[in-house]
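File shown: data.txt. Contents: compact mmCIF, C-alpha atoms.
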# COMPACT_ATOMS: atom_id res chain seq x y z
CA MET A 339 41.75 127.75 -104.71
CA MET A 340 45.37 127.76 -103.61
CA ASP A 341 48.29 125.43 -104.20
CA ILE A 342 50.64 125.22 -101.22
CA ILE A 343 53.93 123.76 -102.43
CA LEU A 344 56.56 122.68 -99.91
CA THR A 345 59.54 123.99 -101.85
CA GLY A 346 61.91 123.23 -98.99
CA THR A 347 61.26 120.68 -96.24
CA GLY A 348 64.78 120.62 -94.83
CA SER A 349 66.45 122.08 -91.77
CA PRO A 350 69.86 123.65 -91.00
CA LEU A 351 71.34 120.16 -91.44
CA PRO A 352 72.45 119.77 -95.10
CA ASP A 353 70.39 117.18 -96.94
CA PRO A 354 70.88 116.32 -100.63
CA ASN A 355 67.15 115.70 -101.02
CA ARG A 356 65.67 118.59 -99.04
CA ALA A 357 66.13 122.29 -99.71
CA GLY A 358 66.04 124.76 -96.86
CA PRO A 359 62.75 125.89 -95.33
CA SER A 360 60.42 127.57 -97.82
CA THR A 361 56.85 127.27 -99.05
CA LEU A 362 55.41 128.59 -102.31
CA VAL A 363 51.76 129.58 -102.45
CA LYS A 364 50.03 129.92 -105.81
CA ALA A 365 46.64 131.62 -105.71
CA GLY A 366 45.55 132.12 -109.28
CA ASP A 367 48.21 134.33 -110.83
CA THR A 368 49.50 135.45 -107.44
CA HIS A 369 52.69 133.71 -106.32
CA ILE A 370 53.87 134.22 -102.74
CA LEU A 371 57.01 132.75 -101.19
CA VAL A 372 57.15 132.12 -97.45
CA ASP A 373 60.77 132.00 -96.23
CA ALA A 374 63.80 131.52 -98.46
CA GLY A 375 66.03 128.67 -97.34
CA ARG A 376 68.92 127.25 -99.33
CA GLY A 377 68.08 126.09 -102.85
CA VAL A 378 64.74 127.87 -102.99
CA VAL A 379 65.15 129.33 -106.49
CA MET A 380 65.83 125.90 -107.99
CA ARG A 381 62.85 124.42 -106.17
CA MET A 382 60.68 127.31 -107.43
CA ALA A 383 61.72 126.46 -110.97
CA ALA A 384 60.72 122.85 -110.41
CA ALA A 385 57.36 124.07 -109.10
CA GLY A 386 56.70 126.09 -112.26
CA SER A 387 57.51 129.44 -110.71
CA ASP A 388 60.34 131.97 -110.68
CA PRO A 389 61.32 134.96 -108.52
CA SER A 390 60.16 137.26 -111.33
CA LEU A 391 56.62 135.96 -110.78
CA LEU A 392 56.54 136.71 -107.06
CA ALA A 393 53.98 139.18 -105.82
CA GLY A 394 55.57 139.01 -102.39
CA VAL A 395 58.05 137.27 -100.10
CA LEU A 396 56.98 136.66 -96.50
CA ILE A 397 59.68 136.02 -93.90
CA THR A 398 58.79 134.45 -90.56
CA HIS A 399 62.06 135.17 -88.70
CA LEU A 400 65.74 135.85 -89.18
CA HIS A 401 67.30 132.46 -88.49
CA SER A 402 69.81 131.86 -91.27
CA ASP A 403 68.24 128.65 -92.57
CA HIS A 404 65.05 130.58 -93.40
CA ILE A 405 66.69 133.53 -95.17
CA CYS A 406 70.08 132.44 -96.52
CA ALA A 407 68.83 132.29 -100.15
CA LEU A 408 66.99 135.59 -100.10
CA ASN A 409 69.93 137.16 -101.95
CA ASP A 410 69.41 134.61 -104.75
CA VAL A 411 65.71 135.51 -104.88
CA ILE A 412 66.60 139.22 -105.02
CA THR A 413 69.25 138.84 -107.73
CA THR A 414 67.20 136.48 -109.90
CA HIS A 415 64.14 138.73 -109.63
CA TRP A 416 66.29 141.72 -110.62
CA VAL A 417 67.84 140.26 -113.75
CA ARG A 418 64.60 138.62 -114.88
CA THR A 419 62.45 141.73 -114.47
CA ARG A 420 65.10 144.22 -115.69
CA GLU A 421 64.50 146.16 -112.44
CA LEU A 422 61.14 147.39 -113.73
CA VAL A 423 59.15 145.64 -111.01
CA PRO A 424 60.13 145.91 -107.33
CA LEU A 425 60.40 142.79 -105.21
CA ASN A 426 58.09 143.14 -102.21
CA VAL A 427 59.52 141.63 -99.02
CA PHE A 428 57.54 141.47 -95.78
CA GLY A 429 58.89 140.30 -92.45
CA PRO A 430 59.40 141.04 -88.78
CA VAL A 431 61.29 144.04 -87.49
CA GLY A 432 64.91 143.53 -88.58
CA ILE A 433 64.17 142.35 -92.12
CA ALA A 434 64.89 145.82 -93.58
CA ARG A 435 68.38 145.81 -92.08
CA PHE A 436 68.97 142.28 -93.36
CA VAL A 437 67.92 143.17 -96.91
CA GLU A 438 70.07 146.31 -96.84
CA ARG A 439 73.09 144.24 -95.83
CA GLN A 440 72.37 141.69 -98.55
CA LEU A 441 72.37 144.48 -101.13
CA HIS A 442 75.69 145.74 -99.75
CA ALA A 443 77.12 142.22 -100.04
CA LEU A 444 75.99 142.13 -103.67
CA GLU A 445 77.49 145.52 -104.56
CA ASP A 446 80.32 144.13 -106.70
CA ASP A 447 78.00 141.74 -108.56
CA ILE A 448 75.48 144.55 -109.15
CA GLY A 449 78.23 146.80 -110.51
CA TYR A 450 79.52 144.14 -112.90
CA ARG A 451 76.05 143.42 -114.28
CA VAL A 452 75.08 147.07 -114.72
CA GLU A 453 78.35 147.74 -116.52
CA HIS A 454 77.95 144.77 -118.84
CA HIS A 455 74.19 144.71 -119.57
CA ASP A 456 72.68 147.82 -121.13
CA PRO A 457 69.10 147.01 -119.99
CA LEU A 458 70.29 147.16 -116.36
CA VAL A 459 70.83 150.75 -115.28
CA LYS A 460 70.48 150.42 -111.51
CA GLY A 461 70.52 147.77 -108.84
CA PRO A 462 67.71 145.56 -107.52
CA GLN A 463 64.55 147.35 -106.50
CA VAL A 464 63.38 145.87 -103.21
CA GLU A 465 60.50 147.30 -101.21
CA VAL A 466 60.61 146.10 -97.62
CA THR A 467 57.75 146.25 -95.15
CA GLU A 468 58.42 145.47 -91.51
CA LEU A 469 55.43 143.86 -89.86
CA ARG A 470 54.09 143.68 -86.37
CA PRO A 471 51.72 141.03 -85.01
CA GLY A 472 48.15 141.78 -86.00
CA ASP A 473 49.03 143.54 -89.25
CA GLU A 474 46.70 142.76 -92.13
CA PHE A 475 47.35 143.49 -95.80
CA ARG A 476 46.71 142.22 -99.30
CA ILE A 477 49.09 140.76 -101.87
CA GLY A 478 47.44 140.46 -105.26
CA ASP A 479 44.26 138.48 -104.65
CA VAL A 480 45.41 137.14 -101.28
CA ASP A 481 44.51 138.54 -97.86
CA VAL A 482 47.31 138.15 -95.33
CA THR A 483 46.97 138.25 -91.54
CA THR A 484 49.88 138.09 -89.10
CA ALA A 485 50.28 137.00 -85.50
CA ALA A 486 53.15 136.58 -83.07
CA THR A 487 54.68 133.14 -82.75
CA ASN A 488 56.98 131.81 -80.02
CA HIS A 489 60.54 130.90 -81.00
CA ALA A 490 62.38 132.55 -78.10
CA PRO A 491 65.10 133.68 -77.83
CA VAL A 492 64.53 134.50 -81.51
CA HIS A 493 62.43 137.66 -81.48
CA PRO A 494 60.35 138.94 -83.12
CA THR A 495 58.85 136.04 -85.03
CA ILE A 496 55.58 136.04 -86.94
CA GLY A 497 53.33 133.60 -88.77
CA PHE A 498 50.92 134.15 -91.62
CA ARG A 499 47.34 133.30 -92.51
CA LEU A 500 46.63 133.51 -96.25
CA GLU A 501 43.06 133.64 -97.58
CA HIS A 502 41.96 133.46 -101.21
CA GLU A 503 38.45 132.86 -102.51
CA GLY A 504 37.42 131.11 -99.31
CA ALA A 505 40.54 128.93 -99.04
CA VAL A 506 42.74 129.42 -95.96
CA ALA A 507 46.35 128.39 -95.35
CA ALA A 508 48.29 128.98 -92.13
CA LEU A 509 52.10 129.04 -92.39
CA VAL A 510 53.63 129.67 -89.00
CA GLY A 511 57.34 128.89 -89.27
CA ASP A 512 59.42 127.77 -86.30
CA THR A 513 57.41 128.02 -83.10
CA THR A 514 56.08 126.25 -80.08
CA PRO A 515 52.31 126.12 -79.55
CA CYS A 516 50.97 129.57 -78.64
CA ASP A 517 47.96 131.83 -78.98
CA GLY A 518 49.28 133.33 -82.23
CA VAL A 519 49.49 129.94 -83.91
CA ASP A 520 45.98 129.12 -82.72
CA GLN A 521 44.67 132.36 -84.23
CA LEU A 522 46.35 131.77 -87.58
CA ALA A 523 45.43 128.10 -87.92
CA ALA A 524 41.83 128.28 -86.67
CA ASP A 525 39.58 126.36 -89.11
CA ALA A 526 42.32 126.58 -91.78
CA ASP A 527 42.10 124.31 -94.80
CA VAL A 528 45.77 123.53 -94.27
CA TYR A 529 48.08 124.31 -91.36
CA VAL A 530 51.80 124.05 -92.25
CA GLN A 531 54.03 123.50 -89.22
CA THR A 532 57.71 122.91 -88.59
CA VAL A 533 58.04 119.67 -86.60
CA LEU A 534 60.60 117.69 -84.66
CA ARG A 535 60.53 114.11 -83.51
CA LYS A 536 61.26 115.02 -79.91
CA ASP A 537 61.41 111.38 -78.84
CA ILE A 538 64.30 110.77 -81.24
CA ILE A 539 66.17 114.02 -80.60
CA ALA A 540 66.00 113.44 -76.84
CA LEU A 541 68.24 110.39 -77.38
CA LEU A 542 70.93 112.30 -79.30
CA PRO A 543 74.18 113.36 -77.61
CA GLY A 544 75.24 116.98 -77.39
CA GLU A 545 73.90 120.14 -75.80
CA MET A 546 72.99 121.82 -79.09
CA ALA A 547 70.80 118.91 -80.16
CA GLN A 548 68.89 119.16 -76.90
CA ASP A 549 68.59 122.95 -77.15
CA ILE A 550 66.38 122.77 -80.24
CA LEU A 551 63.71 120.93 -78.26
CA GLU A 552 62.96 124.14 -76.39
CA TYR A 553 61.67 126.25 -79.27
CA HIS A 554 60.08 123.99 -81.87
CA SER A 555 56.82 122.07 -82.00
CA GLY A 556 57.07 118.32 -82.00
CA VAL A 557 54.82 116.12 -84.10
CA VAL A 558 52.56 115.61 -81.09
CA GLU A 559 52.27 119.33 -80.31
CA ALA A 560 51.52 120.17 -83.96
CA ALA A 561 48.81 117.51 -84.07
CA GLN A 562 47.32 118.74 -80.81
CA THR A 563 47.26 122.30 -82.14
CA ALA A 564 45.58 121.18 -85.38
CA ALA A 565 42.92 119.31 -83.40
CA ARG A 566 42.37 122.15 -80.92
CA VAL A 567 41.80 124.83 -83.59
CA GLY A 568 39.88 122.69 -86.08
CA ALA A 569 42.40 122.79 -88.93
CA LYS A 570 41.28 120.49 -91.74
CA ARG A 571 44.77 119.32 -92.73
CA LEU A 572 48.16 119.31 -91.01
CA ALA A 573 51.22 119.53 -93.26
CA MET A 574 54.52 118.78 -91.55
CA THR A 575 57.69 120.40 -92.86
CA HIS A 576 61.24 121.33 -91.74
CA MET A 577 61.39 117.85 -90.22
CA VAL A 578 64.16 116.96 -87.77
CA PRO A 579 65.60 114.42 -88.05
CA ALA A 580 64.53 114.19 -91.68
CA PRO A 581 62.59 110.96 -92.22
CA THR A 582 63.01 108.62 -95.15
CA PRO A 583 59.86 107.84 -97.17
CA GLY A 584 59.70 104.49 -95.41
CA GLN A 585 59.41 106.31 -92.09
CA TYR A 586 56.55 108.61 -93.16
CA PRO A 587 53.80 106.23 -91.92
CA GLU A 588 55.36 106.26 -88.45
CA TRP A 589 55.35 110.08 -88.32
CA ILE A 590 51.76 110.21 -89.60
CA ALA A 591 50.63 107.58 -87.10
CA ARG A 592 52.16 109.53 -84.22
CA ALA A 593 50.24 112.66 -85.29
CA ALA A 594 47.05 110.65 -85.85
CA GLU A 595 47.01 109.65 -82.19
CA HIS A 596 46.07 113.26 -81.42
CA TYR A 597 44.37 114.53 -84.59
CA ASP A 598 41.59 113.09 -86.75
CA GLY A 599 42.20 115.24 -89.85
CA GLU A 600 44.45 114.54 -92.80
CA VAL A 601 48.17 114.52 -92.03
CA ILE A 602 50.55 115.33 -94.88
CA ILE A 603 54.26 114.61 -94.94
CA GLY A 604 56.48 114.32 -97.97
CA ASP A 605 59.43 115.31 -100.05
CA ASP A 606 60.23 118.71 -101.48
CA LEU A 607 57.58 119.83 -104.00
CA THR A 608 54.78 118.08 -102.14
CA THR A 609 51.69 120.06 -103.21
CA ILE A 610 48.51 120.62 -101.22
CA THR A 611 45.53 122.08 -103.07
CA THR A 612 42.85 123.85 -101.07

Rewritten as C-alpha cells:
Amino acid sequence: MMDIILTGTGSPLPDPNRAGPSTLVKAGDTHILVDAGRGVVMRMAAAGSDPSLLAGVLITHLHSDHICALNDVITTHWVRTRELVPLNVFGPVGIARFVERQLHALEDDIGYRVEHHDPLVKGPQVEVTELRPGDEFRIGDVDVTTAATNHAPVHPTIGFRLEHEGAVAALVGDTTPCDGVDQLAADADVYVQTVLRKDIIALLPGEMAQDILEYHSGVVEAAQTAARVGAKRLAMTHMVPAPTPGQYPEWIARAAEHYDGEVIIGDDLTTITT
C-alpha cells in the first residue's frame, strides 16, 4: 500500500492556498518526496512527515517552481538529523550542480549554526545521484523506474514509476504526452499528471501565457493518456489556471469525456491510497 499525498498542487503563479509542485509518497516507513516547490516543508508537516524522515528526494526537472524549496528540505533535514544521515537526492543530469550551488548559497547559515550548536560539526550531508532515462533503483521498500519525458526546451526531464507491494504510482512532472509517460503510467494504480486548461489559457492575452501551452499536458491529453495506458486513476495537479472547488466538477467532466477511470482533483494534501 502507498499513500500519494499532493503536498503542492500549485504552479509558478503564487497562490495562498496552493504550495508549489510536490508530491509525498508514503510506502510503509519509506517516505519519498517528488519535487520540492515553494512551501513543501510546511505541507510535509501537515501530512505527518518531515525532511528528516525522507528516504529520498526525486526531482523531475530543474524549473525553479519544482526545486526552489530544495534548500529548505536540505537545511531542515540537516538540523533534524544532526548530519548523521545523508539526504539522498535523485534527479536528471544537472541536479548535482544545482545542489552544490544551493550549499554554497547556504554557506553563511551553515557556518553560523555549526559555530553555535555543538552537535553540528559539519554542513549538510547530501548524496546526489544523477539519473538517465531507463535507470532503475530501490529506495527503502520502493522500486523506482525512470523514463524520459517531454518538456522541451527543458532538457533533460524524467518521470518516475514507484512500486511497493504490488501498488504502482506514476509521477511524471511537467510533460506533454510521450512514450516515456506511457511506459511509466502503464496499468498504474494512480497516474499523477500536471495539467492545464488549454481552452482557458488560449483566451488569455500575452505571449508568455500562450508559450506554456507548448510543453504541458492539458486535461484532455492527460485523460487520453490515462485511457490509452490503462491507468486506474488519474490525479491532476499543478493546475493552471488553478480552479476553485466549485470548478472541480467541470475539470473532472472534461477528463471523463476521454477516460472511464476515476479522476481526482483537489486541494493541497489530497491523499490517494493505493

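Shortest atom-to-atom contact with Thr414 (chain A) among A:Gly511, A:Gly366, A:Gly461, A:Gly346: A:Gly461, counting all atoms listed in the file.
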
What's around region 590-597 of chain A at 8 Å? Count only C-alpha atoms, leave out sequence neighbours fewer than 6 positions away in its own chain, and write the answer as an mmCIF file with C-alpha atoms, in the coordinates of the input.
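And here's around07.cif as it stands now:
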data_model
loop_
_atom_site.group_PDB
_atom_site.id
_atom_site.type_symbol
_atom_site.label_atom_id
_atom_site.label_comp_id
_atom_site.auth_asym_id
_atom_site.auth_seq_id
_atom_site.Cartn_x
_atom_site.Cartn_y
_atom_site.Cartn_z
ATOM 1 C CA VAL A 557 54.820 116.120 -84.100
ATOM 2 C CA VAL A 558 52.560 115.610 -81.090
ATOM 3 C CA ALA A 560 51.520 120.170 -83.960
ATOM 4 C CA ALA A 561 48.810 117.510 -84.070
ATOM 5 C CA GLN A 562 47.320 118.740 -80.810
ATOM 6 C CA ALA A 564 45.580 121.180 -85.380
ATOM 7 C CA ALA A 565 42.920 119.310 -83.400
ATOM 8 C CA ILE A 603 54.260 114.610 -94.940
#

Can you tell me, as a PyMOL selection string, what residues are no more than 10 Å from Gln521 (chain A) when counting all atoms listed in the file, ignoring any on the same chain fewer than 5 positions away?
chain A and resi 483-486+497-499+508+516+526+567

Looking at A:Ile539, A:Val528, A:Val452, A:Val482, which one is nearest to Val417 (chain A), with distances taken over only C-alpha atoms?
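Of the candidates, the smallest distance to Val417 (chain A) is held by A:Val452.
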
Between A:Asp456, A:Ala523, A:Asp367, A:Arg566, which one has atoms that come closest to Ser387 (chain A), using all atoms listed in the file?
A:Asp367

Need the shell around Val530 (chain A): protein/DNA/RNA residues with any atom at most 7 Å away, counting all atoms listed in the file. Skip same-chain ones fewer than 3 positions apart. Format as a compact mmCIF listing (two decimals) with C-alpha atoms, in the frame of the given file?
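This is the output file selection36.txt:
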# COMPACT_ATOMS: atom_id res chain seq x y z
CA ALA A 508 48.29 128.98 -92.13
CA LEU A 509 52.10 129.04 -92.39
CA VAL A 510 53.63 129.67 -89.00
CA LEU A 572 48.16 119.31 -91.01
CA ALA A 573 51.22 119.53 -93.26
CA MET A 574 54.52 118.78 -91.55
CA THR A 575 57.69 120.40 -92.86

As an exercise, work out the distance from CA of Ile538 (chain A) to CA of Val519 (chain A) in Å and give it to one decimal place.
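Interatomic distance, CA of Ile538 (chain A) to CA of Val519 (chain A): 24.4 Å.
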
Quick one: distance from CA of Asp373 (chain A) to CA of Ile397 (chain A) in Å, one decimal?
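It comes out at 4.8 Å.
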
From the set A:Ile370, A:Leu607, A:Thr612, A:Val464, which residue has the shortest atom-to-atom contact distance to Thr347 (chain A), counting all atoms listed in the file?
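Result for the nearest residue to Thr347 (chain A): A:Leu607.
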
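Among the candidate residues A:Thr513, A:Asn409, A:Gln531, A:Gln463, the one lying nearest to Thr487 (chain A) is A:Thr513, with distances computed using all atoms listed in the file.
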
Nearest to His399 (chain A) by atom-to-atom distance, counting only C-alpha atoms, from A:Lys364, A:Arg476, A:Arg420, A:His493
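Smallest distance to His399 (chain A) is found for A:His493.
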
Excluding same-chain residues fewer than 5 positions from Trp416 (chain A), what lies within 9 Å of it counting only C-alpha atoms, as JSON, numbers by chain?
{"A": [389, 390, 411, 421, 422, 423, 424, 425, 458, 461, 462, 463, 464]}

Point-to-point distance from CA of Pro494 (chain A) to CA of Glu545 (chain A), Å rounded to tenths
24.3 Å

I'd like the contact shell of His369 (chain A) - 12 Å cut-off, all atoms listed in the file, skipping same-chain residues fewer than 2 positions apart - returned as a PyMOL selection string.
chain A and resi 340-343+361-367+371-372+382+385-396+425-426+477-480+500+502
